[in-house]
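J.: Here it is, the structure, as structure tokens.
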Amino acid sequence: MAEPEQLTLDLDGWEGPLDLLLSLARAQKVDLRAISILALVEQYLRFVDRAKVLRLELAADYLVMAAWLAYLKSALLLPRDPEVEPDPEELALRLQLRLERLNAMREAGARLMARDRLGRDVFPRGRAEGLRTIRRARWQAELYDVIAAYGRISARNRPVMHVVADREVMTLETALARIGALLGTRLDWTTLESFLPDGSDRLRKSALASSFLAALELAKQGRAELRQAAPFAPLYLRAAS
Amino acid sequence: MTPPDDIVRAVEALLFASAEPLSVDSLRAYVGGGDVRAALERLEADYAGRGVALVRRGDRWHFQTAPDLAHLLRRDREEPRRLSRAGVETLAIIAYHEPVTRAEIEAIRGVQISKGTLDVLMEAGWVRPAGRREVPGRPLLYATTPAFLAHFGLASRRDLPGLDDLRAAGLLDPVDLMPEGAHVGAFAVEKDDDSD
Amino acid sequence: MTPPDDIVRAVEALLFASAEPLSVDSLRAYVGGGDVRAALERLEADYAGRGVALVRRGDRWHFQTAPDLAHLLRRDREEPRRLSRAGVETLAIIAYHEPVTRAEIEAIRGVQISKGTLDVLMEAGWVRPAGRREVPGRPLLYATTPAFLAHFGLASRRDLPGLDDLRAAGLLDPVDLMPEGAHVGAFAVEKDDDSD
């Protein structure tokens, strides 16, 4: 529900009181260095008064500027008081300089935008192939690394010889001799186990195996007889009669 | 044209093929030594008056079409996005005063910079942060980029239009951040319009 | 070059700025009439022997960098890289056993070789293909190169220390055995640490 007057003001689109002042100053149609600050101040104050009559909401900084300009106006009109610092003429000059500076930047911006701009007025090549940087590795290794690597591989592949130290066994020959000798001393059926020598568990297992083979061999030679009641039942031996 | 020698041909081919303007150093890296500057001078002369020109932008060189042919080329091309009035003024202030703080830009314009204005300039690749000013608060400084020079066709910042006159008139002097009283220190926030 | 006339300049700029090769008809549409063919002939002659050439592809024209300068458009940059453990081991096996097949290398290492490992050694210039073994499948053989000897300061392969030397040097002590889980015989695929 914008009122027509406000619409007009918005469309003018001033960006702050300095911008408004500059617009008013340029309306004087003279060099900014030759403007009448007093006339500018009066125009600004009139503008603010009109805005108030039209019940326009002016941002606070426009009002702050109006108050300061009213002060500047009176200081410029009244006889100069040497006690008052700063000098109102000096203040007016600074305001003028600010307006000049803003104006200069505004014009510089317009001149920049009007230049022959890349992509608008002048054009780069439409299908540049582009340049490429190829990164290449320069591989590095030391001779020691290679030799050590080979040592490592050889170590892991070296044939391994299994030497079993201090293993207690009874050979078949020993078992044959032992059982052959002991059979003569026994009169009746005797279990195979009773022929085994005392010793470690490991030795007894070896002795059991070789003694069993020895018993079979003796039976084959006709020197011993074997008897077993059932599978896994105790095996009995006696000398052949 | 008279056939150019090897290094001239090489520099010509590189500038022609590159998607970016190239510095003398990077040209030298590609051609592997030789008088690159002399080659550039020769090319500049060879292309003078042609439909394509060799131009220097900052310390980089590139080929572009001759400005007077813009009317032929602009056809069915999209206009680059228009900068808002706030954007144009802010860009000009940065270019003519760089390096410059945000507070200094605001002091010159008499309004606060709305959030997007610097973003738009940085997104366009024309403005970059350029360190901090060593004063209390260490405010960020802004400056223009090589892409700014390339886009606006400036060989260097010294080619900014009217730079010398503005400097002579004292309009590029350091900005007084504590203006007379606080009167214009109460900044208005600029409108966020993108039109100008 | 002698400054060309307007239509030549226009065609030159259009071809330069276009993202596509342009036909005579579309060039004519842009420049609005005139002898486009004569302009193309003039440009072809102007650019003869330069770093940039005007070329015709079918009925379309475009500029491109001179073919003999294509090598300039890419720049090689060397960066030192250390050989991976897989690379060093493979190299060692080839050096001690050459010529040797990939399968043999894998049998000796007890680990499969990833694809990149041999590529890296060949890229380094230390290993070369050396014929094929005349067995089913005719597998490729690998051997070391003169550059291998040069890089490692060896007069010949006989200068490589033998197994006895290695043992004497303590390099056969099974300190640092094999990678976790890579048992001889049961192949594990090595990590691809040498492939990039």
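Ligands are numbered from 1 in the order shown, chains are lettered A, B, ... in the order of the structure tokens, and residues start at 1 in each chain.
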Calculate the C-alpha RMSD, in Å to one decimal, after superposing chain B onto chain C by least squares over all C-alpha atoms paired in sequence order.
T.: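 When all C-alpha atoms are superposed, the deviation is 17.6 Å.
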J.: Compile the residues of chain B that lie within 9 Å of chain C, evaluated using only C-alpha atoms, and express the compilation as a PDB file with N, CA, C and O atoms, in the first residue's frame.
T.:
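Saved file result.pdb follows:
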ATOM      1  N   MET B   1      52.341 -11.510 -43.592  1.00  0.00           N
ATOM      2  CA  MET B   1      53.390 -11.203 -42.623  1.00  0.00           C
ATOM      3  C   MET B   1      54.652 -11.988 -42.977  1.00  0.00           C
ATOM      4  O   MET B   1      54.585 -13.071 -43.525  1.00  0.00           O
ATOM      5  N   THR B   2      55.800 -11.456 -42.600  1.00  0.00           N
ATOM      6  CA  THR B   2      57.035 -12.210 -42.821  1.00  0.00           C
ATOM      7  C   THR B   2      57.061 -13.363 -41.826  1.00  0.00           C
ATOM      8  O   THR B   2      56.674 -13.202 -40.676  1.00  0.00           O
ATOM      9  N   PRO B   3      57.503 -14.527 -42.275  1.00  0.00           N
ATOM     10  CA  PRO B   3      57.498 -15.678 -41.358  1.00  0.00           C
ATOM     11  C   PRO B   3      58.364 -15.379 -40.136  1.00  0.00           C
ATOM     12  O   PRO B   3      59.494 -14.917 -40.272  1.00  0.00           O
ATOM     13  N   PRO B   4      57.834 -15.598 -38.978  1.00  0.00           N
ATOM     14  CA  PRO B   4      58.571 -15.308 -37.755  1.00  0.00           C
ATOM     15  C   PRO B   4      59.543 -16.448 -37.419  1.00  0.00           C
ATOM     16  O   PRO B   4      59.439 -17.531 -37.978  1.00  0.00           O
ATOM     17  N   ASP B   5      60.480 -16.164 -36.531  1.00  0.00           N
ATOM     18  CA  ASP B   5      61.418 -17.227 -36.171  1.00  0.00           C
ATOM     19  C   ASP B   5      60.789 -18.161 -35.120  1.00  0.00           C
ATOM     20  O   ASP B   5      59.648 -17.968 -34.704  1.00  0.00           O
ATOM     21  N   ASP B   6      61.557 -19.150 -34.712  1.00  0.00           N
ATOM     22  CA  ASP B   6      60.993 -20.218 -33.891  1.00  0.00           C
ATOM     23  C   ASP B   6      60.371 -19.743 -32.586  1.00  0.00           C
ATOM     24  O   ASP B   6      59.278 -20.155 -32.218  1.00  0.00           O
ATOM     25  N   VAL B   8      59.236 -16.820 -31.776  1.00  0.00           N
ATOM     26  CA  VAL B   8      58.028 -16.026 -32.018  1.00  0.00           C
ATOM     27  C   VAL B   8      56.857 -16.950 -32.323  1.00  0.00           C
ATOM     28  O   VAL B   8      55.759 -16.787 -31.778  1.00  0.00           O
ATOM     29  N   ARG B   9      57.112 -17.930 -33.154  1.00  0.00           N
ATOM     30  CA  ARG B   9      56.057 -18.901 -33.465  1.00  0.00           C
ATOM     31  C   ARG B   9      55.605 -19.639 -32.215  1.00  0.00           C
ATOM     32  O   ARG B   9      54.416 -19.880 -32.000  1.00  0.00           O
ATOM     33  N   ALA B  10      56.580 -20.002 -31.373  1.00  0.00           N
ATOM     34  CA  ALA B  10      56.249 -20.763 -30.173  1.00  0.00           C
ATOM     35  C   ALA B  10      55.395 -19.922 -29.224  1.00  0.00           C
ATOM     36  O   ALA B  10      54.370 -20.380 -28.705  1.00  0.00           O
ATOM     37  N   VAL B  11      55.795 -18.667 -28.992  1.00  0.00           N
ATOM     38  CA  VAL B  11      55.044 -17.790 -28.096  1.00  0.00           C
ATOM     39  C   VAL B  11      53.647 -17.537 -28.672  1.00  0.00           C
ATOM     40  O   VAL B  11      52.640 -17.548 -27.953  1.00  0.00           O
ATOM     41  N   GLU B  12      53.597 -17.345 -29.968  1.00  0.00           N
ATOM     42  CA  GLU B  12      52.310 -17.135 -30.635  1.00  0.00           C
ATOM     43  C   GLU B  12      51.383 -18.338 -30.394  1.00  0.00           C
ATOM     44  O   GLU B  12      50.223 -18.179 -29.996  1.00  0.00           O
ATOM     45  N   ALA B  13      51.929 -19.536 -30.612  1.00  0.00           N
ATOM     46  CA  ALA B  13      51.115 -20.756 -30.451  1.00  0.00           C
ATOM     47  C   ALA B  13      50.663 -20.918 -29.004  1.00  0.00           C
ATOM     48  O   ALA B  13      49.518 -21.283 -28.727  1.00  0.00           O
ATOM     49  N   LEU B  14      51.560 -20.630 -28.067  1.00  0.00           N
ATOM     50  CA  LEU B  14      51.220 -20.801 -26.654  1.00  0.00           C
ATOM     51  C   LEU B  14      50.119 -19.837 -26.230  1.00  0.00           C
ATOM     52  O   LEU B  14      49.146 -20.229 -25.580  1.00  0.00           O
ATOM     53  N   PHE B  16      48.021 -18.439 -28.079  1.00  0.00           N
ATOM     54  CA  PHE B  16      46.832 -18.773 -28.832  1.00  0.00           C
ATOM     55  C   PHE B  16      46.097 -19.959 -28.198  1.00  0.00           C
ATOM     56  O   PHE B  16      44.869 -19.974 -28.124  1.00  0.00           O
ATOM     57  N   ALA B  17      46.864 -20.909 -27.705  1.00  0.00           N
ATOM     58  CA  ALA B  17      46.256 -22.135 -27.179  1.00  0.00           C
ATOM     59  C   ALA B  17      45.846 -22.009 -25.722  1.00  0.00           C
ATOM     60  O   ALA B  17      45.004 -22.759 -25.244  1.00  0.00           O
ATOM     61  N   SER B  18      46.447 -21.062 -24.996  1.00  0.00           N
ATOM     62  CA  SER B  18      46.197 -20.996 -23.558  1.00  0.00           C
ATOM     63  C   SER B  18      44.799 -20.464 -23.254  1.00  0.00           C
ATOM     64  O   SER B  18      44.324 -19.522 -23.889  1.00  0.00           O
ATOM     65  N   ALA B  29      58.944 -20.813 -19.369  1.00  0.00           N
ATOM     66  CA  ALA B  29      58.989 -22.202 -18.900  1.00  0.00           C
ATOM     67  C   ALA B  29      58.539 -23.161 -20.005  1.00  0.00           C
ATOM     68  O   ALA B  29      59.055 -24.266 -20.120  1.00  0.00           O
ATOM     69  N   TYR B  30      57.573 -22.718 -20.806  1.00  0.00           N
ATOM     70  CA  TYR B  30      57.085 -23.606 -21.867  1.00  0.00           C
ATOM     71  C   TYR B  30      58.038 -23.659 -23.058  1.00  0.00           C
ATOM     72  O   TYR B  30      58.277 -24.717 -23.617  1.00  0.00           O
ATOM     73  N   VAL B  31      58.567 -22.492 -23.453  1.00  0.00           N
ATOM     74  CA  VAL B  31      59.423 -22.519 -24.645  1.00  0.00           C
ATOM     75  C   VAL B  31      60.853 -22.915 -24.285  1.00  0.00           C
ATOM     76  O   VAL B  31      61.648 -23.213 -25.179  1.00  0.00           O
ATOM     77  N   ALA B  45      53.610  -6.120 -32.700  1.00  0.00           N
ATOM     78  CA  ALA B  45      53.707  -5.350 -33.948  1.00  0.00           C
ATOM     79  C   ALA B  45      53.025  -6.086 -35.097  1.00  0.00           C
ATOM     80  O   ALA B  45      52.292  -5.487 -35.883  1.00  0.00           O
ATOM     81  N   ASP B  46      53.267  -7.416 -35.177  1.00  0.00           N
ATOM     82  CA  ASP B  46      52.675  -8.204 -36.264  1.00  0.00           C
ATOM     83  C   ASP B  46      51.149  -8.093 -36.263  1.00  0.00           C
ATOM     84  O   ASP B  46      50.523  -8.076 -37.308  1.00  0.00           O
ATOM     85  N   TYR B  47      50.572  -8.079 -35.075  1.00  0.00           N
ATOM     86  CA  TYR B  47      49.114  -8.120 -34.992  1.00  0.00           C
ATOM     87  C   TYR B  47      48.475  -6.737 -34.956  1.00  0.00           C
ATOM     88  O   TYR B  47      47.252  -6.629 -34.956  1.00  0.00           O
ATOM     89  N   ALA B  48      49.301  -5.690 -34.931  1.00  0.00           N
ATOM     90  CA  ALA B  48      48.722  -4.339 -34.900  1.00  0.00           C
ATOM     91  C   ALA B  48      47.841  -4.124 -36.126  1.00  0.00           C
ATOM     92  O   ALA B  48      48.261  -4.405 -37.246  1.00  0.00           O
ATOM     93  N   GLY B  49      46.634  -3.689 -35.906  1.00  0.00           N
ATOM     94  CA  GLY B  49      45.746  -3.384 -37.027  1.00  0.00           C
ATOM     95  C   GLY B  49      44.978  -4.572 -37.564  1.00  0.00           C
ATOM     96  O   GLY B  49      44.153  -4.431 -38.452  1.00  0.00           O
ATOM     97  N   ARG B  50      45.248  -5.769 -36.992  1.00  0.00           N
ATOM     98  CA  ARG B  50      44.516  -6.945 -37.465  1.00  0.00           C
ATOM     99  C   ARG B  50      43.210  -7.109 -36.703  1.00  0.00           C
ATOM    100  O   ARG B  50      42.863  -6.279 -35.846  1.00  0.00           O
ATOM    101  N   GLY B  51      42.495  -8.192 -36.968  1.00  0.00           N
ATOM    102  CA  GLY B  51      41.223  -8.446 -36.283  1.00  0.00           C
ATOM    103  C   GLY B  51      41.424  -9.018 -34.898  1.00  0.00           C
ATOM    104  O   GLY B  51      40.502  -9.091 -34.088  1.00  0.00           O
ATOM    105  N   VAL B  52      42.638  -9.437 -34.616  1.00  0.00           N
ATOM    106  CA  VAL B  52      43.009 -10.010 -33.328  1.00  0.00           C
ATOM    107  C   VAL B  52      44.216  -9.212 -32.842  1.00  0.00           C
ATOM    108  O   VAL B  52      45.068  -8.835 -33.653  1.00  0.00           O
ATOM    109  N   GLN B  64      43.199 -11.113 -27.986  1.00  0.00           N
ATOM    110  CA  GLN B  64      41.755 -10.885 -27.959  1.00  0.00           C
ATOM    111  C   GLN B  64      41.349 -10.204 -29.262  1.00  0.00           C
ATOM    112  O   GLN B  64      42.194  -9.685 -29.992  1.00  0.00           O
ATOM    113  N   THR B  65      40.032 -10.203 -29.517  1.00  0.00           N
ATOM    114  CA  THR B  65      39.568  -9.583 -30.760  1.00  0.00           C
ATOM    115  C   THR B  65      39.719  -8.068 -30.665  1.00  0.00           C
ATOM    116  O   THR B  65      39.728  -7.502 -29.568  1.00  0.00           O
ATOM    117  N   ALA B  66      39.836  -7.431 -31.815  1.00  0.00           N
ATOM    118  CA  ALA B  66      39.976  -5.971 -31.841  1.00  0.00           C
ATOM    119  C   ALA B  66      38.679  -5.321 -31.347  1.00  0.00           C
ATOM    120  O   ALA B  66      37.594  -5.763 -31.719  1.00  0.00           O
ATOM    121  N   LEU B  69      35.589  -4.315 -33.503  1.00  0.00           N
ATOM    122  CA  LEU B  69      34.757  -5.341 -34.145  1.00  0.00           C
ATOM    123  C   LEU B  69      33.673  -5.862 -33.205  1.00  0.00           C
ATOM    124  O   LEU B  69      32.988  -6.831 -33.517  1.00  0.00           O
ATOM    125  N   LEU B  72      30.233  -6.886 -34.396  1.00  0.00           N
ATOM    126  CA  LEU B  72      30.063  -8.143 -35.139  1.00  0.00           C
ATOM    127  C   LEU B  72      29.966  -9.346 -34.209  1.00  0.00           C
ATOM    128  O   LEU B  72      29.279 -10.309 -34.494  1.00  0.00           O
ATOM    129  N   LEU B  73      30.698  -9.236 -33.123  1.00  0.00           N
ATOM    130  CA  LEU B  73      30.866 -10.407 -32.264  1.00  0.00           C
ATOM    131  C   LEU B  73      29.836 -10.480 -31.159  1.00  0.00           C
ATOM    132  O   LEU B  73      29.570 -11.535 -30.618  1.00  0.00           O
ATOM    133  N   ARG B  75      26.772 -10.085 -31.247  1.00  0.00           N
ATOM    134  CA  ARG B  75      25.541 -10.737 -31.686  1.00  0.00           C
ATOM    135  C   ARG B  75      25.364 -12.110 -31.017  1.00  0.00           C
ATOM    136  O   ARG B  75      26.308 -12.852 -30.848  1.00  0.00           O
TER     137      ARG B  75
END
J.: When you get a sec, could you note down which chain C residues fall within 8 Å of chain A, using only C-alpha atoms, as a VMD selection string?
T.: chain C and resid 16 to 20 73 to 83 88 to 89 91 to 93 108 to 109 124 152 160 to 161 163 166 to 167 171 to 174 176 to 178 184
J.: Write down as an NGL selection string the residues of range 57-159 of chain C whose backbone DSSP state falls under strand (DSSP E).
T.: :C and (57 or 60-65 or 74-82 or 100-101 or 111-112 or 127-132 or 140-144)
J.: Take CA of Pro88 in chain A and CA of Gly16 in chain A and report the distance between them in Å, one decimal.
T.: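 Between CA of Pro88 in chain A and CA of Gly16 in chain A the gap is 22.9 Å.
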J.: List as JSON, numbers by chain the protein and nucleic acid residues near Thr190 in chain A, meaning an atom at most 12 Å away when only C-alpha atoms are counted, but skip any in the same chain fewer than 5 places from it.
T.: {"A": [179, 182, 183, 184, 185, 195, 196, 215, 224, 225, 226, 227, 228, 234, 235, 236, 237, 238, 239]}
J.: Keeping N, CA, C and O atoms, export the residues of the selection given above as a short mmCIF file (atom, residue, chain, number, x, y, z; two decimals), in the first residue's frame.
T.:
data_model
loop_
_atom_site.label_atom_id
_atom_site.label_comp_id
_atom_site.auth_asym_id
_atom_site.auth_seq_id
_atom_site.Cartn_x
_atom_site.Cartn_y
_atom_site.Cartn_z
N ILE A 179 63.26 -108.69 21.79
CA ILE A 179 62.16 -109.64 21.97
C ILE A 179 62.64 -111.09 21.76
O ILE A 179 62.28 -112.01 22.49
N LEU A 182 64.25 -112.05 24.94
CA LEU A 182 63.35 -112.18 26.09
C LEU A 182 62.38 -113.35 25.94
O LEU A 182 61.97 -113.96 26.93
N LEU A 183 61.98 -113.67 24.67
CA LEU A 183 61.01 -114.77 24.47
C LEU A 183 61.47 -116.08 25.13
O LEU A 183 60.67 -116.79 25.71
N GLY A 184 62.79 -116.32 25.03
CA GLY A 184 63.34 -117.55 25.58
C GLY A 184 63.17 -117.66 27.08
O GLY A 184 63.12 -118.76 27.64
N THR A 185 63.04 -116.51 27.74
CA THR A 185 62.98 -116.52 29.19
C THR A 185 61.55 -116.66 29.69
O THR A 185 61.33 -116.84 30.87
N PHE A 195 57.17 -106.67 27.18
CA PHE A 195 58.51 -106.71 26.60
C PHE A 195 59.15 -105.34 26.46
O PHE A 195 60.31 -105.22 26.15
N LEU A 196 58.32 -104.27 26.66
CA LEU A 196 58.84 -102.93 26.38
C LEU A 196 59.77 -102.47 27.49
O LEU A 196 59.57 -102.80 28.66
N ALA A 215 57.55 -108.51 16.52
CA ALA A 215 56.75 -109.71 16.85
C ALA A 215 56.22 -110.37 15.59
O ALA A 215 56.28 -111.59 15.43
N ALA A 224 58.01 -117.36 16.89
CA ALA A 224 57.08 -116.93 17.93
C ALA A 224 55.65 -117.21 17.46
O ALA A 224 55.39 -117.39 16.28
N GLU A 225 54.77 -117.32 18.49
CA GLU A 225 53.35 -117.44 18.19
C GLU A 225 52.63 -116.22 18.77
O GLU A 225 53.02 -115.71 19.83
N LEU A 226 51.55 -115.75 18.05
CA LEU A 226 50.80 -114.56 18.50
C LEU A 226 49.37 -114.95 18.76
O LEU A 226 48.84 -115.83 18.10
N ARG A 227 48.75 -114.26 19.73
CA ARG A 227 47.35 -114.55 20.02
C ARG A 227 46.67 -113.25 20.43
O ARG A 227 47.20 -112.47 21.21
N GLN A 228 45.47 -113.04 19.87
CA GLN A 228 44.70 -111.85 20.25
C GLN A 228 43.24 -112.26 20.26
O GLN A 228 42.74 -112.81 19.31
N PRO A 234 44.44 -107.10 24.11
CA PRO A 234 45.87 -107.28 24.33
C PRO A 234 46.44 -108.35 23.41
O PRO A 234 45.78 -109.36 23.13
N LEU A 235 47.68 -108.08 22.94
CA LEU A 235 48.35 -109.03 22.05
C LEU A 235 49.31 -109.87 22.89
O LEU A 235 50.13 -109.31 23.64
N TYR A 236 49.18 -111.21 22.76
CA TYR A 236 50.02 -112.11 23.56
C TYR A 236 51.06 -112.79 22.68
O TYR A 236 50.79 -113.07 21.52
N LEU A 237 52.19 -113.02 23.25
CA LEU A 237 53.31 -113.68 22.55
C LEU A 237 53.80 -114.88 23.39
O LEU A 237 53.77 -114.81 24.62
N ARG A 238 54.29 -115.92 22.69
CA ARG A 238 55.13 -116.92 23.36
C ARG A 238 56.07 -117.55 22.35
O ARG A 238 55.83 -117.45 21.15
N ALA A 239 57.10 -118.13 22.83
CA ALA A 239 58.06 -118.76 21.93
C ALA A 239 57.38 -119.95 21.24
O ALA A 239 56.53 -120.61 21.83
#
J.: Please report the interatomic distance between CA of Arg60 in chain B and CA of Val55 in chain C in Å with one decimal.
T.: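 Answer for the CA of Arg60 in chain B to CA of Val55 in chain C separation: 27.8 Å.
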J.: Can you tell me, as a VMD selection string, what residues are no more than 12 Å from Leu18 in chain A when counting only C-alpha atoms, ignoring any on the same chain fewer than 5 positions away?
T.: (chain A and resid 23 to 25 40 to 41 44 61 to 62 64 to 66 69 95 to 103) or (chain B and resid 106 to 112 183 to 188 190)
J.: Could you pull out the alpha helix (DSSP H) residues of range 6-62 of chain A from DSSP and send them as number ranges by chain?
T.: A: 6-12, 17-27, 37-53, 60-62
J.: Kindly export the residues of the current selection with N, CA, C and O atoms, as a compact mmCIF listing (two decimals), in the first residue's frame.
T.:
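Once everything was written out, this is selection-v5.txt:
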# COMPACT_ATOMS: atom_id res chain seq x y z
N GLN A 6 5.83 8.23 -1.88
CA GLN A 6 6.91 7.37 -1.38
C GLN A 6 7.50 6.57 -2.54
O GLN A 6 8.70 6.36 -2.62
N LEU A 7 6.59 6.15 -3.43
CA LEU A 7 7.04 5.38 -4.59
C LEU A 7 8.07 6.18 -5.38
O LEU A 7 9.12 5.68 -5.76
N THR A 8 7.76 7.46 -5.58
CA THR A 8 8.67 8.32 -6.33
C THR A 8 10.04 8.37 -5.67
O THR A 8 11.07 8.23 -6.31
N LEU A 9 10.01 8.55 -4.35
CA LEU A 9 11.27 8.65 -3.62
C LEU A 9 12.07 7.36 -3.74
O LEU A 9 13.26 7.38 -3.98
N ASP A 10 11.37 6.24 -3.59
CA ASP A 10 12.07 4.95 -3.66
C ASP A 10 12.70 4.74 -5.02
O ASP A 10 13.80 4.22 -5.13
N LEU A 11 11.97 5.16 -6.05
CA LEU A 11 12.49 4.96 -7.39
C LEU A 11 13.75 5.76 -7.61
O LEU A 11 14.66 5.35 -8.34
N ASP A 12 13.82 6.92 -6.97
CA ASP A 12 15.03 7.72 -7.11
C ASP A 12 16.22 6.98 -6.52
O ASP A 12 17.35 7.12 -6.98
N PRO A 17 22.25 9.91 2.80
CA PRO A 17 22.19 11.38 2.71
C PRO A 17 23.29 11.96 1.83
O PRO A 17 23.06 12.95 1.14
N LEU A 18 24.47 11.35 1.80
CA LEU A 18 25.56 11.89 0.98
C LEU A 18 25.19 11.80 -0.49
O LEU A 18 25.44 12.73 -1.27
N ASP A 19 24.57 10.69 -0.83
CA ASP A 19 24.13 10.48 -2.20
C ASP A 19 23.07 11.51 -2.58
O ASP A 19 23.11 12.10 -3.67
N LEU A 20 22.15 11.75 -1.67
CA LEU A 20 21.10 12.75 -1.92
C LEU A 20 21.73 14.13 -2.09
O LEU A 20 21.39 14.87 -3.02
N LEU A 21 22.67 14.45 -1.22
CA LEU A 21 23.35 15.74 -1.31
C LEU A 21 24.05 15.90 -2.66
O LEU A 21 24.01 16.95 -3.29
N LEU A 22 24.67 14.81 -3.10
CA LEU A 22 25.39 14.87 -4.37
C LEU A 22 24.42 15.10 -5.52
O LEU A 22 24.69 15.90 -6.42
N SER A 23 23.27 14.42 -5.44
CA SER A 23 22.27 14.61 -6.50
C SER A 23 21.80 16.06 -6.53
O SER A 23 21.67 16.65 -7.61
N LEU A 24 21.58 16.62 -5.36
CA LEU A 24 21.14 18.02 -5.29
C LEU A 24 22.23 18.94 -5.81
O LEU A 24 21.96 19.90 -6.54
N ALA A 25 23.47 18.64 -5.45
CA ALA A 25 24.59 19.49 -5.87
C ALA A 25 24.73 19.47 -7.38
O ALA A 25 24.96 20.50 -8.02
N ARG A 26 24.58 18.26 -7.97
CA ARG A 26 24.72 18.17 -9.41
C ARG A 26 23.60 18.89 -10.12
O ARG A 26 23.76 19.33 -11.26
N ALA A 27 22.44 18.99 -9.42
CA ALA A 27 21.32 19.72 -10.01
C ALA A 27 21.65 21.21 -10.13
O ALA A 27 21.02 21.92 -10.90
N ILE A 37 27.59 25.87 -1.01
CA ILE A 37 27.23 24.95 0.07
C ILE A 37 25.96 25.42 0.76
O ILE A 37 25.09 24.62 1.10
N LEU A 38 25.86 26.74 0.90
CA LEU A 38 24.68 27.29 1.58
C LEU A 38 23.40 26.92 0.82
O LEU A 38 22.42 26.46 1.41
N ALA A 39 23.45 27.11 -0.50
CA ALA A 39 22.27 26.79 -1.31
C ALA A 39 21.96 25.29 -1.23
O ALA A 39 20.80 24.90 -1.12
N LEU A 40 23.03 24.49 -1.22
CA LEU A 40 22.86 23.04 -1.14
C LEU A 40 22.18 22.66 0.18
O LEU A 40 21.26 21.84 0.21
N VAL A 41 22.66 23.29 1.27
CA VAL A 41 22.10 23.00 2.59
C VAL A 41 20.61 23.33 2.61
O VAL A 41 19.78 22.57 3.08
N GLU A 42 20.27 24.49 2.00
CA GLU A 42 18.86 24.88 2.01
C GLU A 42 18.02 23.91 1.19
O GLU A 42 16.92 23.53 1.59
N GLN A 43 18.56 23.45 0.09
CA GLN A 43 17.82 22.48 -0.74
C GLN A 43 17.57 21.20 0.04
O GLN A 43 16.48 20.65 0.02
N TYR A 44 18.60 20.76 0.74
CA TYR A 44 18.49 19.52 1.50
C TYR A 44 17.43 19.66 2.58
O TYR A 44 16.56 18.80 2.75
N LEU A 45 17.50 20.81 3.31
CA LEU A 45 16.54 21.00 4.41
C LEU A 45 15.12 21.10 3.86
O LEU A 45 14.19 20.57 4.46
N ARG A 46 14.99 21.74 2.70
CA ARG A 46 13.66 21.82 2.08
C ARG A 46 13.15 20.43 1.72
O ARG A 46 12.01 20.10 1.94
N PHE A 47 14.04 19.63 1.20
CA PHE A 47 13.66 18.26 0.82
C PHE A 47 13.15 17.49 2.04
O PHE A 47 12.11 16.83 2.00
N VAL A 48 13.90 17.63 3.15
CA VAL A 48 13.51 16.90 4.35
C VAL A 48 12.16 17.42 4.88
O VAL A 48 11.30 16.64 5.29
N ASP A 49 11.97 18.74 4.81
CA ASP A 49 10.69 19.31 5.25
C ASP A 49 9.54 18.78 4.40
O ASP A 49 8.49 18.39 4.92
N ARG A 50 9.79 18.72 3.11
CA ARG A 50 8.72 18.24 2.22
C ARG A 50 8.39 16.78 2.54
O ARG A 50 7.25 16.37 2.57
N ALA A 51 9.43 16.02 2.79
CA ALA A 51 9.22 14.61 3.13
C ALA A 51 8.38 14.51 4.40
O ALA A 51 7.51 13.65 4.50
N LYS A 52 8.61 15.42 5.34
CA LYS A 52 7.83 15.38 6.59
C LYS A 52 6.37 15.71 6.32
O LYS A 52 5.46 15.07 6.82
N VAL A 53 6.15 16.73 5.44
CA VAL A 53 4.78 17.12 5.09
C VAL A 53 4.07 15.94 4.45
O VAL A 53 2.91 15.65 4.73
N ALA A 60 16.89 7.51 9.81
CA ALA A 60 17.44 8.37 10.85
C ALA A 60 18.64 9.17 10.36
O ALA A 60 18.79 10.34 10.70
N ASP A 61 19.46 8.56 9.52
CA ASP A 61 20.68 9.27 9.13
C ASP A 61 20.39 10.48 8.25
O ASP A 61 21.17 11.43 8.23
N TYR A 62 19.25 10.47 7.53
CA TYR A 62 18.87 11.67 6.77
C TYR A 62 18.55 12.81 7.74
O TYR A 62 18.87 13.98 7.49
